[in-house]
>>> print(open('work-v2.tsv').read())   # TSV, C-alpha atoms and all ligand atoms
chain	number	residue	atom	x	y	z
R	1	MET	CA	99.15	119.43	117.21
R	2	SER	CA	100.59	115.98	118.00
R	3	ALA	CA	104.13	114.99	117.00
R	4	ILE	CA	102.59	112.66	114.39
R	5	GLY	CA	100.50	115.53	113.04
R	6	ARG	CA	103.60	117.72	112.77
R	7	GLY	CA	105.41	114.93	110.92
R	8	VAL	CA	102.52	114.49	108.48
R	9	ALA	CA	102.32	118.27	107.99
R	10	GLU	CA	106.01	118.40	107.12
R	11	VAL	CA	105.66	115.54	104.59
R	12	TYR	CA	102.76	117.35	102.88
R	13	ARG	CA	104.54	120.69	102.88
R	14	ARG	CA	107.65	119.17	101.34
R	15	PHE	CA	105.59	117.23	98.82
R	16	GLY	CA	103.88	120.44	97.74
R	17	GLU	CA	106.96	122.62	97.67
R	18	VAL	CA	109.40	120.08	96.22
R	19	ASP	CA	107.79	117.06	94.54
R	20	ALA	CA	104.69	118.64	93.01
R	21	ALA	CA	106.24	122.05	92.44
R	22	GLY	CA	107.55	121.39	88.94
R	23	THR	CA	104.72	119.20	87.71
R	24	SER	CA	101.36	120.16	89.17
R	25	PRO	CA	100.49	123.66	90.43
R	26	LEU	CA	97.16	122.32	91.76
R	27	HIS	CA	98.74	119.51	93.78
R	28	LYS	CA	101.37	121.92	95.04
R	29	ARG	CA	98.71	124.31	96.30
R	30	VAL	CA	96.49	121.55	97.76
R	31	ALA	CA	99.32	119.69	99.50
R	32	VAL	CA	100.59	122.86	101.18
R	33	ALA	CA	97.03	123.80	102.21
R	34	LEU	CA	96.50	120.36	103.77
R	35	SER	CA	99.78	120.72	105.65
R	36	GLU	CA	98.48	123.96	107.20
R	37	SER	CA	95.01	122.71	108.18
R	38	ASP	CA	94.58	121.01	111.57
R	39	ALA	CA	91.24	119.56	110.46
R	40	ALA	CA	92.77	118.07	107.30
R	41	LEU	CA	95.73	116.64	109.21
R	42	GLN	CA	93.37	115.04	111.71
R	43	ALA	CA	91.47	113.41	108.85
R	44	ILE	CA	94.73	112.14	107.31
R	45	GLU	CA	95.64	110.60	110.67
R	46	ALA	CA	92.54	108.39	110.35
R	47	VAL	CA	94.30	106.64	107.45
R	48	PRO	CA	96.71	103.79	108.40
R	49	ALA	CA	100.23	105.22	108.69
R	50	ARG	CA	101.66	103.47	105.60
R	51	LYS	CA	98.87	104.92	103.45
R	52	ARG	CA	99.12	108.55	104.54
R	53	HIS	CA	101.52	109.64	101.82
R	54	PRO	CA	100.33	112.60	99.71
R	55	THR	CA	100.45	110.52	96.49
R	56	ILE	CA	97.72	108.26	97.90
R	57	ILE	CA	95.57	110.86	99.63
R	58	LEU	CA	95.67	113.27	96.66
R	59	ALA	CA	94.83	110.37	94.33
R	60	ALA	CA	91.95	109.36	96.63
R	61	LEU	CA	90.57	112.91	96.45
R	62	HIS	CA	90.98	112.86	92.66
R	63	ASP	CA	89.21	109.50	92.55
R	64	LEU	CA	86.22	111.06	94.34
R	65	VAL	CA	86.30	113.90	91.79
R	66	LEU	CA	86.35	111.50	88.82
R	67	ALA	CA	83.53	109.47	90.38
R	68	GLY	CA	81.38	112.62	90.59
R	69	ARG	CA	81.36	112.52	94.39
R	70	ALA	CA	83.23	115.78	95.09
R	71	PRO	CA	81.62	118.43	92.86
R	72	ALA	CA	83.19	121.52	94.50
R	73	LEU	CA	86.68	120.06	94.19
R	74	ALA	CA	85.89	118.98	90.62
R	75	ALA	CA	84.85	122.54	89.72
R	76	ALA	CA	88.02	123.96	91.28
R	77	TYR	CA	90.21	121.47	89.42
R	78	GLU	CA	88.34	122.15	86.18
R	79	ALA	CA	88.91	125.89	86.61
R	80	ALA	CA	92.54	125.32	87.66
R	81	ASP	CA	91.76	127.57	90.63
R	82	GLY	CA	94.39	126.75	93.27
R	83	ASP	CA	92.74	128.69	96.13
R	84	ALA	CA	89.33	127.11	95.51
R	85	ALA	CA	90.97	123.68	95.13
R	86	ALA	CA	92.75	124.11	98.47
R	87	ARG	CA	89.50	125.00	100.25
R	88	ALA	CA	87.50	122.25	98.54
R	89	ALA	CA	90.19	119.61	99.18
R	90	ILE	CA	90.15	120.37	102.91
R	91	ASP	CA	86.32	120.29	103.00
R	92	THR	CA	86.18	117.03	101.02
R	93	LEU	CA	88.79	115.38	103.19
R	94	VAL	CA	87.03	116.42	106.41
R	95	GLN	CA	83.49	115.63	105.25
R	96	MET	CA	84.34	112.40	103.43
R	97	THR	CA	87.06	111.05	105.68
R	98	GLU	CA	85.55	107.56	105.70
R	99	SER	CA	85.48	107.37	101.92
R	100	VAL	CA	89.06	108.64	101.64
R	101	VAL	CA	90.21	106.08	104.23
R	102	ALA	CA	88.40	103.29	102.36
R	103	ILE	CA	90.04	104.20	99.04
R	104	ALA	CA	93.50	104.64	100.59
R	105	VAL	CA	93.33	101.30	102.39
R	106	ARG	CA	92.28	99.44	99.24
R	107	ARG	CA	94.62	101.06	96.73
R	108	ARG	CA	98.33	101.51	96.06
R	109	ALA	CA	99.86	104.51	94.36
R	110	ARG	CA	100.40	103.68	90.68
R	111	PRO	CA	103.25	105.18	88.71
R	112	ASN	CA	102.52	106.63	85.31
R	113	GLU	CA	103.18	103.56	83.23
R	114	THR	CA	102.48	104.74	79.70
R	115	GLY	CA	105.12	104.98	76.99
R	116	ARG	CA	107.37	102.02	77.68
R	117	CYS	CA	106.85	100.43	74.26
R	118	ALA	CA	109.59	102.41	72.50
R	119	VAL	CA	112.10	100.52	74.62
R	120	LEU	CA	110.35	97.17	74.75
R	121	HIS	CA	109.52	96.75	71.06
R	122	PRO	CA	113.07	96.58	69.64
R	123	ALA	CA	114.25	94.37	72.50
R	124	ILE	CA	111.39	91.88	72.12
R	125	ALA	CA	111.87	91.85	68.35
R	126	GLU	CA	115.58	91.17	68.87
R	127	ALA	CA	114.77	88.32	71.26
R	128	ALA	CA	112.49	86.76	68.64
R	129	ARG	CA	115.16	87.16	65.95
R	130	ARG	CA	117.81	85.50	68.08
R	131	ALA	CA	115.47	82.62	68.94
R	132	GLY	CA	114.29	82.29	65.33
R	133	ALA	CA	110.68	82.64	66.54
R	134	ASN	CA	107.73	83.41	64.24
R	135	ALA	CA	105.38	84.11	67.14
R	136	VAL	CA	105.75	85.34	70.69
R	137	GLY	CA	103.72	85.06	73.89
R	138	LEU	CA	104.22	88.08	76.10
R	139	ILE	CA	104.34	87.73	79.88
R	140	ASP	CA	104.66	91.09	81.62
R	141	VAL	CA	105.71	90.72	85.24
R	142	GLY	CA	104.69	93.50	87.66
R	143	CYS	CA	102.28	94.46	84.89
R	144	SER	CA	100.04	96.81	86.88
R	145	ALA	CA	97.41	97.61	84.18
R	146	GLY	CA	99.21	95.60	81.50
R	147	LEU	CA	99.84	98.54	79.19
R	148	ASN	CA	103.21	97.05	78.17
R	149	LEU	CA	101.23	94.25	76.58
R	150	ASN	CA	100.05	96.74	73.93
R	151	VAL	CA	103.61	96.83	72.65
R	152	ASP	CA	102.93	95.61	69.09
R	153	ARG	CA	99.72	97.63	68.74
R	154	VAL	CA	101.12	101.13	69.20
R	155	GLY	CA	103.07	103.19	66.68
R	156	ILE	CA	106.57	104.27	67.66
R	157	THR	CA	108.82	106.82	66.01
R	158	TYR	CA	112.45	107.40	66.87
R	159	SER	CA	114.37	110.63	66.53
R	160	ASN	CA	116.50	109.23	63.69
R	161	GLY	CA	113.42	108.63	61.54
R	162	GLN	CA	113.06	104.90	62.26
R	163	SER	CA	109.63	103.61	63.18
R	164	LEU	CA	108.15	100.41	64.58
R	165	GLY	CA	104.70	99.09	65.35
R	166	ASP	CA	101.37	100.22	63.94
R	167	PRO	CA	101.52	103.68	62.33
R	168	SER	CA	97.72	103.85	62.24
R	169	SER	CA	97.30	103.10	65.95
R	170	ALA	CA	95.43	105.60	68.13
R	171	VAL	CA	98.43	105.39	70.47
R	172	GLN	CA	101.64	106.89	69.15
R	173	GLN	CA	104.85	107.00	71.16
R	174	SER	CA	108.26	108.44	70.46
R	175	SER	CA	111.77	108.20	71.79
R	176	SER	CA	114.96	110.16	71.21
R	177	LEU	CA	117.90	108.00	70.30
R	178	VAL	CA	121.14	108.74	72.10
R	179	GLY	CA	124.32	107.89	70.20
R	180	GLU	CA	124.89	106.77	66.66
R	181	ARG	CA	123.64	103.21	66.69
R	182	PRO	CA	120.13	102.67	65.23
R	183	ILE	CA	117.66	100.30	66.80
R	184	PRO	CA	117.15	96.97	64.97
R	185	ALA	CA	114.85	97.64	62.02
R	186	ARG	CA	112.86	94.43	62.22
R	187	GLY	CA	109.52	94.51	64.05
R	188	MET	CA	108.27	91.77	66.31
R	189	PRO	CA	106.45	88.69	65.00
R	190	GLU	CA	102.82	87.92	65.73
R	191	VAL	CA	101.81	88.11	69.39
R	192	VAL	CA	99.71	85.06	70.24
R	193	ALA	CA	99.39	85.50	74.01
R	194	ARG	CA	99.28	88.52	76.32
R	195	ILE	CA	99.62	87.66	79.98
R	196	GLY	CA	100.09	90.06	82.87
R	197	VAL	CA	101.40	88.93	86.27
R	198	ASP	CA	100.97	91.16	89.31
R	199	ARG	CA	100.21	90.70	92.98
R	200	ASP	CA	97.65	93.52	92.55
R	201	PRO	CA	96.80	93.96	88.86
R	202	ILE	CA	94.63	96.74	87.47
R	203	ASP	CA	91.89	95.58	85.11
R	204	VAL	CA	91.34	98.34	82.55
R	205	THR	CA	87.89	96.93	81.73
R	206	ASN	CA	86.81	97.47	85.34
R	207	GLU	CA	85.42	100.97	85.88
R	208	ASP	CA	86.79	101.42	89.42
R	209	ASP	CA	90.25	100.15	88.49
R	210	ALA	CA	90.46	102.34	85.40
R	211	ARG	CA	89.32	105.40	87.36
R	212	TRP	CA	91.97	104.78	90.03
R	213	LEU	CA	94.70	104.69	87.39
R	214	ARG	CA	93.49	108.05	86.07
R	215	ALA	CA	93.19	109.37	89.63
R	216	CYS	CA	96.89	108.70	90.21
R	217	LEU	CA	97.72	111.41	87.68
R	218	PRO	CA	97.52	115.02	88.90
R	219	PRO	CA	94.30	116.78	87.81
R	220	ASP	CA	96.13	119.45	85.82
R	221	GLN	CA	97.99	117.26	83.34
R	222	PRO	CA	95.51	116.84	80.46
R	223	GLU	CA	98.08	115.52	77.97
R	224	ARG	CA	99.22	112.72	80.26
R	225	ALA	CA	95.60	111.93	81.10
R	226	ALA	CA	94.69	111.75	77.40
R	227	ARG	CA	97.67	109.48	76.71
R	228	LEU	CA	96.67	107.18	79.56
R	229	ARG	CA	93.03	107.07	78.40
R	230	ALA	CA	94.14	106.17	74.87
R	231	GLU	CA	96.43	103.38	76.12
R	232	MET	CA	93.73	102.00	78.41
R	233	ALA	CA	91.18	102.07	75.58
R	234	LEU	CA	93.61	100.19	73.32
R	235	ALA	CA	94.26	97.59	76.04
R	236	ALA	CA	90.52	97.18	76.59
R	237	THR	CA	89.94	96.21	72.92
R	238	ASP	CA	91.75	92.90	73.58
R	239	PRO	CA	92.41	92.74	77.32
R	240	PRO	CA	95.35	90.68	78.56
R	241	LEU	CA	94.94	87.66	80.77
R	242	LEU	CA	95.77	88.92	84.27
R	243	LEU	CA	97.27	86.44	86.74
R	244	ARG	CA	97.13	87.72	90.30
R	245	GLY	CA	99.80	86.64	92.76
R	246	ASP	CA	103.47	86.65	93.62
R	247	VAL	CA	105.57	86.34	90.48
R	248	VAL	CA	107.58	83.47	91.93
R	249	GLU	CA	104.39	81.46	92.44
R	250	VAL	CA	102.55	82.48	89.29
R	251	LEU	CA	105.25	82.44	86.61
R	252	PRO	CA	105.07	78.68	85.85
R	253	ASP	CA	101.33	79.04	85.14
R	254	ALA	CA	102.04	82.00	82.86
R	255	PHE	CA	104.59	79.98	80.84
R	256	ALA	CA	102.10	77.12	80.56
R	257	ARG	CA	99.60	79.46	78.90
R	258	VAL	CA	101.93	80.37	76.02
R	259	PRO	CA	101.35	78.00	73.08
R	260	ALA	CA	104.25	75.65	72.41
R	261	SER	CA	104.69	77.14	68.93
R	262	ALA	CA	105.49	80.59	70.36
R	263	LEU	CA	108.50	82.01	72.17
R	264	PRO	CA	107.54	83.11	75.70
R	265	VAL	CA	109.06	86.55	76.28
R	266	VAL	CA	108.98	87.71	79.89
R	267	THR	CA	109.21	91.47	80.29
R	268	THR	CA	109.91	93.44	83.46
R	269	THR	CA	109.89	97.24	83.48
R	270	TRP	CA	110.83	98.95	86.72
R	271	ALA	CA	109.16	96.11	88.61
R	272	LEU	CA	112.01	94.07	90.10
R	273	SER	CA	113.11	96.79	92.51
R	274	GLN	CA	109.92	96.00	94.43
R	275	LEU	CA	111.19	92.49	95.07
R	276	ALA	CA	113.75	91.61	97.74
R	277	LEU	CA	116.99	90.24	96.30
R	278	GLU	CA	116.04	86.72	97.37
R	279	SER	CA	112.76	86.98	95.42
R	280	ARG	CA	114.58	88.34	92.37
R	281	LEU	CA	116.89	85.34	92.44
R	282	ARG	CA	113.92	82.99	92.79
R	283	PHE	CA	112.30	84.76	89.82
R	284	LEU	CA	115.48	84.04	87.85
R	285	ARG	CA	115.36	80.40	88.94
R	286	ARG	CA	111.77	80.19	87.62
R	287	LEU	CA	112.99	81.45	84.24
R	288	GLU	CA	115.74	78.82	84.22
R	289	GLU	CA	113.29	76.08	85.16
R	290	ALA	CA	111.08	77.06	82.21
R	291	ALA	CA	114.14	77.17	79.98
R	292	ALA	CA	114.82	73.52	80.77
R	293	HIS	CA	111.72	72.66	78.69
R	294	ARG	CA	111.63	75.27	75.93
R	295	VAL	CA	113.45	78.32	74.64
R	296	VAL	CA	112.45	81.37	76.68
R	297	ALA	CA	113.44	85.04	76.59
R	298	TRP	CA	113.54	87.80	79.18
R	299	VAL	CA	113.63	91.52	78.44
R	300	SER	CA	114.33	93.69	81.48
R	301	VAL	CA	114.25	97.45	81.80
R	302	GLU	CA	115.38	98.16	85.33
R	303	GLY	CA	117.63	100.49	87.28
R	304	VAL	CA	121.35	99.76	87.15
R	305	GLY	CA	122.12	96.61	89.14
R	306	VAL	CA	118.48	95.73	89.87
R	307	ALA	CA	117.95	92.86	87.41
R	308	PRO	CA	120.07	89.89	88.52
R	309	GLU	CA	122.62	88.70	85.96
R	310	VAL	CA	122.12	91.73	83.69
R	311	PRO	CA	125.51	93.47	83.26
R	312	THR	CA	125.74	96.97	84.68
R	313	LEU	CA	128.23	98.14	82.03
R	314	GLY	CA	130.24	99.69	84.85
R	315	ASP	CA	127.47	102.26	85.44
R	316	ARG	CA	126.87	103.54	88.93
R	317	ARG	CA	123.86	102.09	90.76
R	318	ALA	CA	121.06	104.55	91.45
R	319	SER	CA	122.45	106.78	88.73
R	320	GLY	CA	118.96	107.53	87.43
R	321	HIS	CA	119.07	105.69	84.12
R	322	SER	CA	118.14	102.10	83.39
R	323	ILE	CA	119.75	99.16	81.65
R	324	ILE	CA	117.89	97.21	78.97
R	325	GLY	CA	118.70	93.55	79.47
R	326	LEU	CA	118.07	90.72	77.03
R	327	ALA	CA	118.39	87.02	77.73
R	328	VAL	CA	117.48	84.19	75.36
R	329	SER	CA	117.95	80.71	76.76
R	330	GLU	CA	120.27	78.24	75.12
R	331	GLU	CA	120.10	74.62	76.20
R	332	SER	CA	118.41	75.71	79.45
R	333	ALA	CA	121.12	78.27	80.33
R	334	LEU	CA	120.05	81.90	80.49
R	335	CYS	CA	122.77	84.35	79.59
R	336	ALA	CA	121.78	87.98	80.01
R	337	GLU	CA	123.28	90.76	77.93
R	338	ALA	CA	122.89	94.54	78.26
R	339	VAL	CA	121.54	95.74	74.91
R	340	GLY	CA	120.88	99.36	75.79
R	341	ARG	CA	120.39	102.14	78.25
R	342	CYS	CA	117.37	104.36	78.69
R	343	TRP	CA	116.48	107.52	80.53
R	344	SER	CA	113.19	109.11	81.66
R	345	ARG	CA	111.26	105.86	81.43
R	346	GLY	CA	112.24	105.38	77.78
R	347	ARG	CA	111.94	108.89	76.43
R	348	PHE	CA	115.66	108.63	75.63
R	349	LEU	CA	117.19	105.40	74.42
R	350	ALA	CA	120.71	104.27	73.53
R	351	TRP	CA	120.84	100.96	71.66
R	352	LEU	CA	124.16	99.19	72.21
R	353	ALA	CA	123.89	95.70	70.73
R	354	ASP	CA	124.90	94.45	67.31
R	355	SER	CA	121.90	93.11	65.51
R	401	LIG	C1	106.61	100.08	90.21
R	401	LIG	S1	105.31	99.11	89.58
R	401	LIG	C2	105.85	98.92	87.90
R	401	LIG	C3	104.69	98.82	86.99
R	401	LIG	C4	105.03	98.79	85.50
R	401	LIG	N1	105.76	97.60	85.13
R	401	LIG	C5	105.75	100.03	85.01
R	401	LIG	O1	106.60	99.93	84.14
R	401	LIG	O2	105.41	101.12	85.48
R	401	LIG	C6	105.65	97.50	90.22
R	401	LIG	C7	104.51	96.52	90.05
R	401	LIG	O3	105.00	95.24	90.48
R	401	LIG	C8	103.99	94.62	91.27
R	401	LIG	N2	104.66	93.70	92.19
R	401	LIG	C9	105.46	94.00	93.24
R	401	LIG	N3	105.92	92.88	93.83
R	401	LIG	C10	105.38	91.84	93.15
R	401	LIG	C11	105.49	90.43	93.29
R	401	LIG	N4	106.21	89.88	94.25
R	401	LIG	N5	104.83	89.66	92.40
R	401	LIG	C12	104.08	90.21	91.42
R	401	LIG	N6	103.95	91.55	91.25
R	401	LIG	C13	104.60	92.35	92.09
R	401	LIG	C14	103.28	95.76	91.97
R	401	LIG	O4	101.96	95.41	92.36
R	401	LIG	C15	103.29	96.85	90.88
R	401	LIG	O5	102.14	96.81	90.07
>>> encode(input="work-v2.tsv", output="structure tokens")
Amino acid sequence: MSAIGRGVAEVYRRFGEVDAAGTSPLHKRVAVALSESDAALQAIEAVPARKRHPTIILAALHDLVLAGRAPALAAAYEAADGDAAARAAIDTLVQMTESVVAIAVRRRARPNETGRCAVLHPAIAEAARRAGANAVGLIDVGCSAGLNLNVDRVGITYSNGQSLGDPSSAVQQSSSLVGERPIPARGMPEVVARIGVDRDPIDVTNEDDARWLRACLPPDQPERAARLRAEMALAATDPPLLLRGDVVEVLPDAFARVPASALPVVTTTWALSQLALESRLRFLRRLEEAAAHRVVAWVSVEGVGVAPEVPTLGDRRASGHSIIGLAVSEESALCAEAVGRCWSRGRFLAWLADS
């Protein structure tokens, strides 16, 4: 085996034994099996180096399953049979190398992006309150499939008994509050525009895109898959406008599409870390340029120290939790405040601001 093959084998073995171990028995078994198969490793080497990571190759195999193109692997996944899945994954990879390469080249790994609304809703509502706005236009930057733009259409319950959003929605989310302070009780005003900005957005109304999003979840996590399907179905009932491109280029167009009567609220959730610092500062400059003409707001949910200008509250960078930032422009100046912390992508939330 070549040195490259040994390196790939080690990455797959570690992925199986460490990353997938606690979450997906099937992916654990399959990743380790791929790491031990010369034929599978050879097939993986046909994929460009930056796309060889197990998250992409396992998602590509899952995509073939969901598309009905890998029946033996589908049956093994359905039966949760790790040994059969290992054998079928190797066979599929070897026999359908070209298809796997084509999917891997075209796609990026997508994080599970459901469930952010419990954090976003109170922060957007607070932005609207501070700006005295009766309507908002949402602009989600790094939107991926735009599920954050469902924020007013899902029901949210908090561990202290508070609730926000639509209690009759098919999508219900929850969050445990940390600390004594409640979230602001007021919901958000009417949403009159939903705009997603991404250099590679996922269109939930497009069959291939929607399948890829599902494929990025492991095959043995039915609850997460059901949650994702429900959020995608909700988004598809009134799909957002997706603007493709670099945020720094596209943001002015996004602002222009929010009616003058509404407050544009830009949201970023775990997106800015993908931008170099220089791009993050240019993003901030775009917000300030828009603020020269109208009141604008920005809600950020990013790792400590990632969102420029958002205070870190003295927390250590890379400490695992995230800071919820809120900025509402005043006479073209944008002053960001930290209004909360959250953990586990919003499953736990500490609200800090007076409201
Ligand atoms: C880690 S994902 C976050 C997705 C989602 N906001 C969430 O909460 O899971 C980052 C997203 O930002 C997008 N992205 C990265 N750099 C970008 C840029 N310069 N302009 C626009 N979108 C960008 C990526 O395509 C990706 O969809």
>>> residues_near_ligand(input="work-v2.tsv", ligand="ligand LIG 401 (chain R)", cutoff="10 Å", atoms="only C-alpha atoms and all ligand atoms", output="ChimeraX atom specification")
/R:108-117,140-148,196-202,243-251,267-276,279-280,283,301-302,345
>>> closest_atom_pairs(input="work-v2.tsv", of="region 22-127 of chain R", to="region 217-225 of chain R", cutoff="9 Å", atoms="all atoms listed in the file", output="JSON lines")
{"residue": "R:Thr23", "atom": "CA", "partner": "R:Gln221", "partner_atom": "CA", "distance": 8.3}
{"residue": "R:Ser24", "atom": "CA", "partner": "R:Asp220", "partner_atom": "CA", "distance": 6.3}
{"residue": "R:Pro25", "atom": "CA", "partner": "R:Asp220", "partner_atom": "CA", "distance": 7.6}
{"residue": "R:Leu26", "atom": "CA", "partner": "R:Asp220", "partner_atom": "CA", "distance": 6.7}
{"residue": "R:His27", "atom": "CA", "partner": "R:Pro218", "partner_atom": "CA", "distance": 6.7}
{"residue": "R:Leu58", "atom": "CA", "partner": "R:Pro218", "partner_atom": "CA", "distance": 8.2}
{"residue": "R:Ala59", "atom": "CA", "partner": "R:Leu217", "partner_atom": "CA", "distance": 7.3}
{"residue": "R:His62", "atom": "CA", "partner": "R:Pro219", "partner_atom": "CA", "distance": 7.1}
{"residue": "R:Tyr77", "atom": "CA", "partner": "R:Pro219", "partner_atom": "CA", "distance": 6.4}
{"residue": "R:Glu78", "atom": "CA", "partner": "R:Pro219", "partner_atom": "CA", "distance": 8.2}
{"residue": "R:Ala80", "atom": "CA", "partner": "R:Asp220", "partner_atom": "CA", "distance": 7.1}
{"residue": "R:Arg110", "atom": "CA", "partner": "R:Leu217", "partner_atom": "CA", "distance": 8.7}
{"residue": "R:Pro111", "atom": "CA", "partner": "R:Leu217", "partner_atom": "CA", "distance": 8.4}
{"residue": "R:Asn112", "atom": "CA", "partner": "R:Leu217", "partner_atom": "CA", "distance": 7.2}
{"residue": "R:Thr114", "atom": "CA", "partner": "R:Arg224", "partner_atom": "CA", "distance": 8.6}
>>> closest_residue(input="work-v2.tsv", among="R:Gly303, R:Thr312, R:Ala236, R:Ala123", to="Val266 (chain R)", atoms="all atoms listed in the file")
R:Ala123
>>> closest_residue(input="work-v2.tsv", among="R:Arg107, R:His121, R:Arg186, R:Arg13", to="Val299 (chain R)", atoms="only C-alpha atoms")
R:His121
>>> closest_residue(input="work-v2.tsv", among="R:Ala31, R:Ala67, R:Val119, R:Ala128", to="Gly340 (chain R)", atoms="all atoms listed in the file")
R:Val119
>>> closest_residue(input="work-v2.tsv", among="R:Val32, R:Met188, R:Ala235, R:Ala297", to="Thr205 (chain R)", atoms="all atoms listed in the file")
R:Ala235
>>> residues_around(input="work-v2.tsv", residues="Asp238 (chain R)", least_positions_apart="2", cutoff="12 Å", atoms="only C-alpha atoms", output="PyMOL selection string")
chain R and resi 146-147+149-150+153+191-195+203-205+231-236+240-241
>>> closest_residue(input="work-v2.tsv", among="R:Cys342, R:Leu177, R:Leu66, R:Val8", to="Arg50 (chain R)", atoms="all atoms listed in the file")
R:Val8
>>> closest_atom_pairs(input="work-v2.tsv", of="region 139-219 of chain R", to="region 88-104 of chain R", cutoff="12 Å", atoms="only C-alpha atoms", output="tab-separated table")
residue	atom	partner	partner_atom	distance
R:Asp208	CA	R:Ile103	CA	10.5
R:Asp209	CA	R:Ile103	CA	11.3
R:Arg211	CA	R:Ile103	CA	11.8
R:Trp212	CA	R:Ile103	CA	9.2
R:Ala215	CA	R:Ile103	CA	11.2
R:Cys216	CA	R:Ala104	CA	11.6
>>> closest_atom_pairs(input="work-v2.tsv", of="region 175-263 of chain R", to="region 157-163 of chain R", cutoff="9 Å", atoms="all atoms listed in the file", output="Markdown table")
| residue | atom | partner | partner_atom | distance |
| --- | --- | --- | --- | --- |
| R:Ser175 | CA | R:Tyr158 | CA | 5.0 |
| R:Ser176 | CA | R:Ser159 | CA | 4.7 |
| R:Leu177 | CA | R:Ser159 | CA | 5.8 |
| R:Val178 | CA | R:Ser159 | CA | 9.0 |
| R:Pro182 | CA | R:Asn160 | CA | 7.7 |
| R:Ile183 | CA | R:Gln162 | CA | 7.9 |
| R:Ala185 | CA | R:Gln162 | CA | 7.5 |
>>> residues_around(input="work-v2.tsv", residues="Asp38 (chain R)", least_positions_apart="6", cutoff="10 Å", atoms="only C-alpha atoms", output="ChimeraX atom specification")
/R:1,5-6,9,44,90
>>> atom_distance(input="work-v2.tsv", atom1="CA of Ala336 (chain R)", atom2="CA of Asp166 (chain R)")
28.7 Å
>>> residues_around(input="work-v2.tsv", residues="Gly325 (chain R)", least_positions_apart="2", cutoff="7 Å", atoms="all atoms listed in the file", output="number ranges by chain")
R: 299-301, 310, 323, 327, 336-339
>>> build_atoms(input="work-v2.tsv", residues="region 88-92 of chain R", atoms="all heavy atoms", output="mmCIF file, in the coordinates of the input")
data_model
loop_
_atom_site.group_PDB
_atom_site.id
_atom_site.type_symbol
_atom_site.label_atom_id
_atom_site.label_comp_id
_atom_site.auth_asym_id
_atom_site.auth_seq_id
_atom_site.Cartn_x
_atom_site.Cartn_y
_atom_site.Cartn_z
ATOM 1 N N ALA R 88 88.377 123.395 98.808
ATOM 2 C CA ALA R 88 87.500 122.250 98.540
ATOM 3 C C ALA R 88 88.164 120.935 98.948
ATOM 4 O O ALA R 88 87.497 120.002 99.399
ATOM 5 C CB ALA R 88 87.128 122.221 97.055
ATOM 6 N N ALA R 89 89.497 120.853 98.794
ATOM 7 C CA ALA R 89 90.190 119.610 99.180
ATOM 8 C C ALA R 89 90.084 119.401 100.686
ATOM 9 O O ALA R 89 89.830 118.285 101.156
ATOM 10 C CB ALA R 89 91.651 119.670 98.739
ATOM 11 N N ILE R 90 90.264 120.491 101.450
ATOM 12 C CA ILE R 90 90.150 120.370 102.910
ATOM 13 C C ILE R 90 88.718 119.946 103.284
ATOM 14 O O ILE R 90 88.518 118.999 104.053
ATOM 15 C CB ILE R 90 90.526 121.700 103.604
ATOM 16 C CG1 ILE R 90 92.019 121.988 103.403
ATOM 17 C CG2 ILE R 90 90.194 121.644 105.099
ATOM 18 C CD1 ILE R 90 92.453 123.384 103.836
ATOM 19 N N ASP R 91 87.722 120.626 102.689
ATOM 20 C CA ASP R 91 86.320 120.290 103.000
ATOM 21 C C ASP R 91 86.012 118.835 102.648
ATOM 22 O O ASP R 91 85.382 118.112 103.422
ATOM 23 C CB ASP R 91 85.359 121.193 102.205
ATOM 24 C CG ASP R 91 85.371 122.608 102.741
ATOM 25 O OD1 ASP R 91 85.945 122.825 103.832
ATOM 26 O OD2 ASP R 91 84.832 123.502 102.056
ATOM 27 N N THR R 92 86.473 118.406 101.463
ATOM 28 C CA THR R 92 86.180 117.030 101.020
ATOM 29 C C THR R 92 86.822 116.031 101.976
ATOM 30 O O THR R 92 86.205 115.047 102.385
ATOM 31 C CB THR R 92 86.700 116.809 99.583
ATOM 32 O OG1 THR R 92 86.179 117.831 98.737
ATOM 33 C CG2 THR R 92 86.298 115.444 99.052
#
